[in-house]
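**Q** I'm passing along target28.txt; it holds compact mmCIF, C-alpha atoms and all ligand atoms.
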# COMPACT_ATOMS: atom_id res chain seq x y z
CA MET B 28 -21.42 40.49 21.33
CA ASN B 29 -22.52 41.39 24.83
CA THR B 30 -24.40 38.32 26.01
CA SER B 31 -24.57 39.10 29.71
CA GLY B 32 -27.85 37.96 31.20
CA ILE B 33 -28.30 35.21 28.60
CA VAL B 34 -28.00 31.68 29.94
CA GLY B 35 -26.94 28.84 27.63
CA GLN B 36 -27.38 28.81 23.81
CA SER B 37 -23.65 29.36 23.39
CA GLN B 38 -23.53 27.90 19.87
CA LEU B 39 -26.31 30.15 18.65
CA LEU B 40 -24.72 33.19 20.27
CA ARG B 41 -21.42 32.41 18.57
CA MET B 42 -23.20 32.26 15.21
CA MET B 43 -24.85 35.61 15.81
CA ASP B 44 -21.58 37.11 16.91
CA SER B 45 -19.76 35.98 13.79
CA ILE B 46 -22.55 37.34 11.58
CA LEU B 47 -22.46 40.73 13.28
CA SER B 48 -18.69 41.05 13.53
CA GLY B 49 -18.29 39.92 9.92
CA GLY B 50 -20.88 42.49 8.85
CA ARG B 51 -22.57 39.93 6.60
CA ILE B 52 -26.12 40.52 7.72
CA ALA B 53 -28.71 38.61 5.69
CA HIS B 54 -32.03 40.10 4.65
CA ALA B 55 -34.10 37.61 6.58
CA TYR B 56 -33.75 35.38 9.61
CA ILE B 57 -36.05 32.81 11.13
CA PHE B 58 -35.98 32.14 14.86
CA ALA B 59 -37.68 28.78 15.25
CA GLY B 60 -38.37 26.85 18.42
CA PRO B 61 -41.04 25.78 20.89
CA ARG B 62 -43.08 28.26 22.91
CA GLY B 63 -41.04 29.66 25.74
CA ALA B 64 -37.69 28.61 24.26
CA GLY B 65 -36.39 32.17 24.03
CA LYS B 66 -37.14 33.27 20.47
CA LYS B 67 -38.07 36.81 21.51
CA THR B 68 -35.17 37.20 23.92
CA LEU B 69 -32.58 36.00 21.43
CA SER B 70 -33.92 37.77 18.35
CA SER B 71 -34.15 41.01 20.34
CA LEU B 72 -30.56 40.68 21.46
CA PHE B 73 -29.47 40.06 17.88
CA VAL B 74 -31.33 43.07 16.50
CA LYS B 75 -30.29 45.33 19.34
CA ALA B 76 -26.64 44.41 18.77
CA MET B 77 -27.15 45.07 15.06
CA LEU B 78 -28.48 48.56 15.73
CA CYS B 79 -26.25 49.61 18.66
CA ARG B 80 -23.89 52.47 17.80
CA THR B 81 -21.31 52.04 20.56
CA PRO B 82 -18.02 50.53 19.41
CA GLY B 83 -16.99 47.31 21.14
CA ASP B 84 -19.29 44.85 22.88
CA LYS B 85 -22.79 45.26 21.49
CA PRO B 86 -25.47 45.87 22.56
CA CYS B 87 -24.22 48.38 25.13
CA HIS B 88 -27.75 48.80 26.59
CA ALA B 89 -26.90 52.47 27.17
CA CYS B 90 -26.62 54.40 23.88
CA LYS B 91 -29.50 56.27 22.32
CA THR B 92 -30.41 53.47 19.87
CA CYS B 93 -30.31 50.84 22.63
CA ARG B 94 -32.57 52.99 24.79
CA GLN B 95 -34.92 53.62 21.90
CA TYR B 96 -35.05 49.90 21.23
CA ASP B 97 -35.82 49.09 24.87
CA SER B 98 -38.62 51.62 25.04
CA GLY B 99 -40.17 50.19 21.87
CA ASN B 100 -39.71 53.56 20.13
CA HIS B 101 -36.88 52.86 17.71
CA PRO B 102 -38.04 54.50 14.46
CA ASP B 103 -36.52 51.75 12.30
CA VAL B 104 -38.01 48.79 14.14
CA SER B 105 -41.50 47.57 13.27
CA ARG B 106 -43.39 44.69 14.78
CA ILE B 107 -46.04 42.73 12.95
CA SER B 108 -48.25 40.35 14.85
CA ARG B 109 -51.58 38.65 14.53
CA PRO B 110 -54.51 40.99 15.28
CA GLU B 111 -56.02 40.11 18.66
CA ASP B 112 -59.36 39.14 17.20
CA LYS B 113 -57.90 36.96 14.44
CA GLN B 114 -56.21 33.58 14.25
CA ILE B 115 -54.20 34.59 11.21
CA ILE B 116 -51.91 37.32 9.95
CA PRO B 117 -53.81 38.78 7.00
CA VAL B 118 -52.20 39.82 3.74
CA ASP B 119 -52.87 43.56 4.29
CA LEU B 120 -50.39 43.64 7.15
CA ILE B 121 -47.68 42.24 4.89
CA ARG B 122 -48.65 44.59 2.06
CA ALA B 123 -48.32 47.54 4.45
CA MET B 124 -44.91 46.25 5.42
CA ARG B 125 -43.90 46.07 1.75
CA ASP B 126 -44.86 49.70 1.25
CA ASP B 127 -42.88 50.72 4.31
CA ILE B 128 -39.79 48.61 3.76
CA ILE B 129 -38.72 50.44 0.61
CA VAL B 130 -38.53 53.74 2.49
CA LYS B 131 -34.98 54.46 3.69
CA PRO B 132 -34.34 54.09 7.44
CA PHE B 133 -34.40 57.19 9.66
CA GLN B 134 -31.10 56.32 11.21
CA ASN B 135 -27.95 55.24 9.51
CA GLY B 136 -28.47 51.52 9.95
CA LYS B 137 -30.80 48.66 9.17
CA LYS B 138 -34.54 48.80 9.04
CA ILE B 139 -36.00 45.89 10.98
CA PHE B 140 -39.34 44.13 10.65
CA PHE B 141 -40.25 41.50 13.21
CA ILE B 142 -43.03 39.10 12.23
CA TYR B 143 -44.29 37.22 15.29
CA GLU B 144 -46.06 33.87 14.91
CA ALA B 145 -44.98 33.96 11.27
CA ASP B 146 -46.58 30.56 10.65
CA ARG B 147 -49.95 32.30 11.10
CA MET B 148 -49.49 34.24 7.85
CA THR B 149 -52.08 33.21 5.30
CA GLU B 150 -50.77 31.75 2.07
CA GLN B 151 -51.55 35.05 0.40
CA ALA B 152 -49.58 36.90 3.06
CA GLN B 153 -46.67 34.51 2.66
CA ASN B 154 -46.67 35.04 -1.08
CA ALA B 155 -46.65 38.80 -0.53
CA LEU B 156 -43.69 38.41 1.82
CA LEU B 157 -41.95 36.22 -0.74
CA LYS B 158 -41.96 39.05 -3.26
CA THR B 159 -40.03 41.21 -0.79
CA LEU B 160 -37.64 38.39 0.02
CA GLU B 161 -36.91 37.97 -3.67
CA GLU B 162 -35.76 41.57 -4.05
CA PRO B 163 -35.17 43.06 -0.63
CA PRO B 164 -33.85 46.63 -0.27
CA ASP B 165 -30.29 46.67 1.07
CA HIS B 166 -31.26 48.27 4.35
CA ALA B 167 -33.96 45.72 5.16
CA CYS B 168 -33.79 42.92 7.68
CA ILE B 169 -36.85 40.78 8.35
CA ILE B 170 -37.01 38.62 11.46
CA LEU B 171 -39.56 35.81 11.51
CA LEU B 172 -40.43 34.06 14.75
CA THR B 173 -42.22 30.73 14.64
CA GLU B 174 -43.06 27.62 16.62
CA ASN B 175 -43.92 25.76 13.46
CA MET B 176 -41.58 26.15 10.52
CA ASN B 177 -43.49 23.50 8.55
CA ALA B 178 -46.29 25.98 8.04
CA LEU B 179 -44.02 28.33 6.10
CA LEU B 180 -43.64 28.01 2.35
CA PRO B 181 -40.44 26.20 1.33
CA THR B 182 -39.64 29.17 -0.89
CA ILE B 183 -39.65 31.42 2.20
CA LEU B 184 -37.49 29.01 4.19
CA SER B 185 -34.94 28.85 1.41
CA ARG B 186 -34.50 32.63 1.47
CA CYS B 187 -33.98 32.95 5.22
CA GLN B 188 -31.14 32.07 7.50
CA ILE B 189 -32.53 29.84 10.21
CA PHE B 190 -31.72 29.92 13.91
CA ARG B 191 -33.10 26.86 15.65
CA ILE B 192 -33.66 27.45 19.33
CA SER B 193 -33.73 24.22 21.25
CA SER B 194 -34.45 23.65 24.90
CA LEU B 195 -31.65 24.14 27.43
CA PRO B 196 -29.95 21.67 29.71
CA VAL B 197 -32.08 21.52 32.86
CA ARG B 198 -29.43 23.23 35.01
CA ASP B 199 -29.36 26.23 32.63
CA ALA B 200 -33.13 26.55 32.60
CA ALA B 201 -33.08 26.29 36.40
CA GLN B 202 -30.58 29.12 36.57
CA ILE B 203 -32.97 31.34 34.61
CA VAL B 204 -35.80 30.50 37.03
CA MET B 205 -33.54 31.35 39.97
CA GLN B 206 -32.45 34.63 38.40
CA ARG B 207 -35.88 35.82 37.40
CA LEU B 208 -38.08 34.53 40.21
CA GLY B 209 -35.60 34.19 43.06
CA LEU B 210 -36.58 30.58 43.74
CA PRO B 211 -34.20 28.34 45.72
CA ALA B 212 -31.97 26.19 43.50
CA GLN B 213 -33.62 22.88 44.33
CA GLU B 214 -37.11 24.08 43.57
CA ALA B 215 -36.02 25.90 40.41
CA ARG B 216 -34.57 22.64 39.16
CA VAL B 217 -37.91 20.85 39.59
CA TYR B 218 -39.70 23.33 37.35
CA ALA B 219 -36.87 23.34 34.81
CA ALA B 220 -37.05 19.55 34.62
CA LEU B 221 -40.83 19.59 34.29
CA ALA B 222 -40.49 22.10 31.45
CA ARG B 223 -37.89 19.84 29.83
CA GLY B 224 -35.42 22.70 29.75
CA ILE B 225 -37.72 25.21 28.02
CA PRO B 226 -37.05 28.34 30.07
CA GLY B 227 -40.30 30.18 29.29
CA LEU B 228 -42.37 27.17 30.30
CA ALA B 229 -40.31 26.66 33.47
CA LEU B 230 -40.92 30.31 34.40
CA GLU B 231 -44.62 29.91 33.68
CA LEU B 232 -44.95 26.83 35.91
CA ALA B 233 -42.79 28.21 38.70
CA GLY B 234 -44.61 31.53 38.63
CA ASP B 235 -48.02 29.85 38.73
CA GLY B 236 -49.08 29.84 42.39
CA ASP B 237 -51.95 27.42 41.66
CA PHE B 238 -49.62 24.90 40.08
CA ARG B 239 -47.24 25.05 43.00
CA GLU B 240 -50.09 24.55 45.43
CA GLN B 241 -51.49 21.65 43.39
CA ARG B 242 -48.07 20.05 43.38
CA ASN B 243 -47.91 20.29 47.17
CA ARG B 244 -51.42 18.90 47.57
CA LEU B 245 -50.80 15.96 45.25
CA LEU B 246 -47.47 14.98 46.68
CA ALA B 247 -48.76 15.21 50.24
CA GLY B 248 -51.92 13.38 49.20
CA LEU B 249 -49.93 10.47 47.81
CA ASP B 250 -48.77 9.95 51.38
CA SER B 251 -52.25 8.87 52.42
CA ALA B 252 -52.43 5.11 51.99
CA GLY B 253 -56.19 4.69 51.78
CA LEU B 254 -57.96 4.29 48.47
CA SER B 255 -60.48 6.99 49.37
CA GLY B 256 -57.58 9.36 50.04
CA LEU B 257 -56.14 8.70 46.61
CA LEU B 258 -59.46 9.12 44.84
CA GLU B 259 -59.87 12.46 46.58
CA LEU B 260 -56.96 13.64 44.47
CA GLY B 261 -59.19 13.45 41.38
CA PRO B 262 -60.54 16.99 41.82
CA VAL B 263 -57.00 18.40 41.91
CA PHE B 264 -56.52 17.12 38.37
CA ALA B 265 -59.97 18.35 37.37
CA GLN B 266 -59.02 21.87 38.48
CA ARG B 267 -56.39 21.83 35.81
CA ARG B 268 -58.29 20.16 33.03
CA GLU B 269 -56.90 22.52 30.38
CA SER B 270 -53.28 21.83 31.17
CA VAL B 271 -53.54 18.54 33.02
CA PHE B 272 -50.47 17.19 31.23
CA ASN B 273 -48.27 19.44 33.35
CA LEU B 274 -49.65 17.76 36.46
CA LEU B 275 -49.30 14.28 34.96
CA ASP B 276 -45.67 15.02 34.08
CA MET B 277 -45.13 16.29 37.58
CA VAL B 278 -46.58 13.16 39.19
CA GLU B 279 -44.66 10.88 36.82
CA LEU B 280 -41.43 12.66 37.67
CA TRP B 281 -42.24 12.07 41.32
CA PHE B 282 -42.66 8.31 40.89
CA ARG B 283 -39.52 8.17 38.75
CA ASP B 284 -37.66 9.78 41.63
CA LEU B 285 -39.10 7.20 44.02
CA LEU B 286 -37.88 4.47 41.69
CA VAL B 287 -34.41 6.02 41.43
CA MET B 288 -34.17 6.27 45.21
CA LYS B 289 -35.42 2.73 45.68
CA GLU B 290 -32.98 1.29 43.14
CA THR B 291 -29.88 3.37 43.89
CA GLY B 292 -30.43 4.88 47.33
CA ASP B 293 -28.68 7.95 45.92
CA GLU B 294 -30.57 11.10 46.88
CA SER B 295 -28.37 13.29 44.73
CA LEU B 296 -29.97 11.80 41.60
CA VAL B 297 -33.54 12.89 42.28
CA VAL B 298 -35.16 15.84 40.56
CA ASN B 299 -37.60 16.70 43.35
CA ALA B 300 -34.70 17.65 45.59
CA ASP B 301 -36.82 20.15 47.51
CA LYS B 302 -38.89 17.28 48.92
CA VAL B 303 -36.33 14.64 49.74
CA ASP B 304 -37.86 13.90 53.16
CA LEU B 305 -41.21 13.13 51.63
CA LEU B 306 -39.56 10.99 48.95
CA ARG B 307 -37.58 9.06 51.54
CA ARG B 308 -40.73 8.36 53.54
CA GLN B 309 -42.70 7.22 50.50
CA THR B 310 -39.96 4.99 49.11
CA MET B 311 -40.72 2.50 51.87
CA ARG B 312 -44.28 2.10 50.75
CA PHE B 313 -43.69 0.93 47.19
CA THR B 314 -41.95 -1.98 45.51
CA SER B 315 -39.89 -1.28 42.38
CA LYS B 316 -42.35 -3.32 40.36
CA GLY B 317 -45.22 -1.33 41.86
CA LEU B 318 -43.53 1.94 40.93
CA MET B 319 -43.00 0.80 37.36
CA ASP B 320 -46.68 -0.18 37.14
CA ILE B 321 -47.67 3.22 38.46
CA ILE B 322 -45.50 5.03 35.91
CA GLN B 323 -47.19 2.98 33.22
CA SER B 324 -50.62 3.85 34.57
CA ILE B 325 -49.73 7.56 34.34
CA GLU B 326 -48.58 7.14 30.76
CA ARG B 327 -51.76 5.21 29.93
CA CYS B 328 -53.81 8.06 31.39
CA ALA B 329 -51.91 10.64 29.33
CA ARG B 330 -52.43 8.61 26.15
CA SER B 331 -56.13 8.26 26.86
CA LEU B 332 -56.54 12.00 27.45
CA ASN B 333 -54.54 12.71 24.32
CA ASN B 334 -57.10 10.66 22.44
CA TYR B 335 -59.95 12.61 24.06
CA GLY B 336 -60.91 9.77 26.40
CA ASN B 337 -63.29 10.43 29.28
CA PHE B 338 -61.46 12.72 31.69
CA GLU B 339 -62.77 11.48 35.07
CA LEU B 340 -62.50 7.84 34.04
CA ALA B 341 -58.91 8.19 32.87
CA ILE B 342 -57.87 9.98 36.07
CA ASP B 343 -59.70 7.52 38.37
CA ASN B 344 -58.15 4.54 36.58
CA MET B 345 -54.75 6.06 37.07
CA LEU B 346 -55.38 6.67 40.77
CA LEU B 347 -56.56 3.08 41.16
CA GLY B 348 -53.26 2.09 39.58
CA PHE B 349 -51.48 4.06 42.31
CA LYS B 350 -53.33 2.08 44.96
CA GLU B 351 -52.24 -1.22 43.42
CA GLY B 352 -48.64 -0.11 43.40
CA VAL B 353 -48.57 0.29 47.18
CA HIS B 354 -46.99 -2.53 49.19
ZN ZN U 1 -25.98 50.58 22.36
Would you put the structure from the file into structure tokens?
Ligand SMILES: [Zn+2]
**A**
Amino acid sequence: MNTSGIVGQSQLLRMMDSILSGGRIAHAYIFAGPRGAGKKTLSSLFVKAMLCRTPGDKPCHACKTCRQYDSGNHPDVSRISRPEDKQIIPVDLIRAMRDDIIVKPFQNGKKIFFIYEADRMTEQAQNALLKTLEEPPDHACIILLTENMNALLPTILSRCQIFRISSLPVRDAAQIVMQRLGLPAQEARVYAALARGIPGLALELAGDGDFREQRNRLLAGLDSAGLSGLLELGPVFAQRRESVFNLLDMVELWFRDLLVMKETGDESLVVNADKVDLLRRQTMRFTSKGLMDIIQSIERCARSLNNYGNFELAIDNMLLGFKEGVH
């Protein structure tokens, strides 16, 4: 298989390769993993390699079928997704698929049906799909993508081959951020670490100008010793109410770096490598015990917000905790 451009996931790619080269293509596959893990990228590569007509390393990205696939106009590829105005995939979409799937493919290969957010299928829709999975036409291949396999009927799971897509090692996710967004290595690594190796999330954070600016404001703001200075950081968190956990993770990672530098003095171990000068300066201002208390105060804040505690109160308590951690 031609896997150029894909970073990491070597085990999964080997599995796909052996399926395709052995010609034992199942009737249904599930690509399961968290949002941003690469389900679309990897399932597309798999299908494209399945359809490509060039002998040798597939997909060639150049033949007619590859080009049709890339333009979204391959006549034997259908995509089913949740209607924009609905939270679910209704049964009629699956019934329409069942009518279509029995028709022979236009080209001399497989007929592919992607079902995105497959866990959003209603029970009725899942039962309709099950009927197809019980007696699929030879030419059919159904690809389910899901963040939540538990929401699929066990009878569906048992009829599909499952590809689990886990997060990547941080350095691999960082490489993707560098490739796609052209960020310097050190900064790319920060976002990859914050995203816990989930490439799509790392790209989202790194590509989010507001988040990058908030990070700069917070980290610079932590430099100001005064309590009033710290409390002024509250609004930065409030700006990001909806996804405040990203900021909390970011700040926690910062204090963990301070602790690592304090304890080991080894700058090569820190994640926030793009801001080593700032870290070095701040290390002086905290004791190890103070840093551990601060990390706990961040985790307390996250727990409180997770339990729908009062937003401003939780953030202010955390910031007060920062103040106490200072020398
Ligand atoms: Zn091709």
**Q** Can I get the residues close to ligand ZN 1 (chain U) as a PyMOL selection string, where close means within 8 Å and we count all atoms listed in the file?
**A** chain B and resi 75-76+78-81+85-94
**Q** May I have the residues from that selection written out with C-alpha atoms, as a CSV table (one decimal), in the frame of the given file?
**A**
chain,number,residue,atom,x,y,z
B,75,LYS,CA,-30.3,45.3,19.3
B,76,ALA,CA,-26.6,44.4,18.8
B,78,LEU,CA,-28.5,48.6,15.7
B,79,CYS,CA,-26.2,49.6,18.7
B,80,ARG,CA,-23.9,52.5,17.8
B,81,THR,CA,-21.3,52.0,20.6
B,85,LYS,CA,-22.8,45.3,21.5
B,86,PRO,CA,-25.5,45.9,22.6
B,87,CYS,CA,-24.2,48.4,25.1
B,88,HIS,CA,-27.8,48.8,26.6
B,89,ALA,CA,-26.9,52.5,27.2
B,90,CYS,CA,-26.6,54.4,23.9
B,91,LYS,CA,-29.5,56.3,22.3
B,92,THR,CA,-30.4,53.5,19.9
B,93,CYS,CA,-30.3,50.8,22.6
B,94,ARG,CA,-32.6,53.0,24.8
**Q** Can you sort out the box for segment 89-95 of chain B, edges along x, y and z, all listed atoms in, 3 Å on every side, with centre and edge lengths in Å to one decimal, as JSON?
**A**
{"center_x": -30.8, "center_y": 53.6, "center_z": 23.5, "size_x": 14.3, "size_y": 11.4, "size_z": 13.3}
**Q** Compare B:Ile170, B:Glu150, B:Ala212, B:Asp44 by their minimum atom-to-atom distance to Cys187 of chain B, counting all atoms listed in the file, and give me the closest one.
**A**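 Result for the nearest residue to Cys187 of chain B: B:Ile170.
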**Q** Which residue, B:Ile121, B:Ile107, B:Leu72, B:Cys168, has the smallest gap to Ala55 of chain B when you use all atoms listed in the file?
**A** B:Cys168
**Q** Record the distance separating atom CA of Arg109 of chain B and atom CA of Asp146 of chain B, expressed in Å with one decimal.
**A**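 Between atom CA of Arg109 of chain B and atom CA of Asp146 of chain B the gap is 10.3 Å.
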**Q** Tell me which of B:Ser71, B:Ser37, B:Thr314, B:Ser295 sits closest to Leu171 of chain B, counting all atoms listed in the file.
**A**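 Checking each of B:Ser71, B:Ser37, B:Thr314, B:Ser295 against Leu171 of chain B, counting all atoms listed in the file, the winner is B:Ser71.
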**Q** Which value, in Å to one decimal, gives the distance between atom CA of Gln266 of chain B and atom CA of Gly248 of chain B?
**A**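 Those two atoms sit 15.4 Å apart.
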**Q** Excluding segment 113-120 of chain B and residues on its chain fewer than 2 positions from it, collect all residues at most 9 Å away from it, counting only C-alpha atoms, and give them as a ChimeraX atom specification.
**A** /B:107-111,122-125,144-156
**Q** Check the smallest atom-to-atom distance from each of B:Asn337, B:Val34, B:Glu259, B:Gly60 to Val197 of chain B using all atoms listed in the file, then report the winner.
**A**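 Closest residue, counting all atoms listed in the file: B:Val34.
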**Q** Which polymer residues, whether protein, DNA or RNA, lie within 12 Å of the coordinate (-37.7, 34.1, 5.2) when you count all atoms listed in the file? List them as number ranges by chain, using the chain letters and numbers from the file.
**A** B: 53-59, 140-142, 145-146, 153-161, 163, 168-173, 176, 179-190
**Q** Calculate how many Å separate atom CA of Lys137 of chain B from atom CA of Phe73 of chain B, rounding to one decimal.
**A**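 We find that atom CA of Lys137 of chain B and atom CA of Phe73 of chain B lie 12.3 Å from each other.
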**Q** With distances taken over only C-alpha atoms, which of B:Lys138, B:Arg106, B:Arg308, B:Arg62 is nearest to Met77 of chain B?
**A**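 Of all the options, B:Lys138 lies closest to Met77 of chain B.
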**Q** With all atoms listed in the file counted and 9 Å as the cut-off, give the residues of segment 44-129 of chain B in contact with segment 217-239 of chain B, each with its shortest interatomic distance in Å and the pair that gives it, as a tab-separated table.
**A**
residue	atom	partner	partner_atom	distance
B:Pro61	CA	B:Ile225	CA	7.9
B:Arg62	CA	B:Gly227	CA	7.2
B:Gly63	CA	B:Gly227	CA	3.7
B:Ala64	CA	B:Ile225	CA	5.1
B:Gly65	CA	B:Gly227	CA	6.8
**Q** When distances are computed from only C-alpha atoms, which of B:Glu269, B:Glu214, B:Asp343, B:Asp97 shows the smallest separation from Val303 of chain B?
**A**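 For Val303 of chain B, the nearest of the candidates is B:Glu214.
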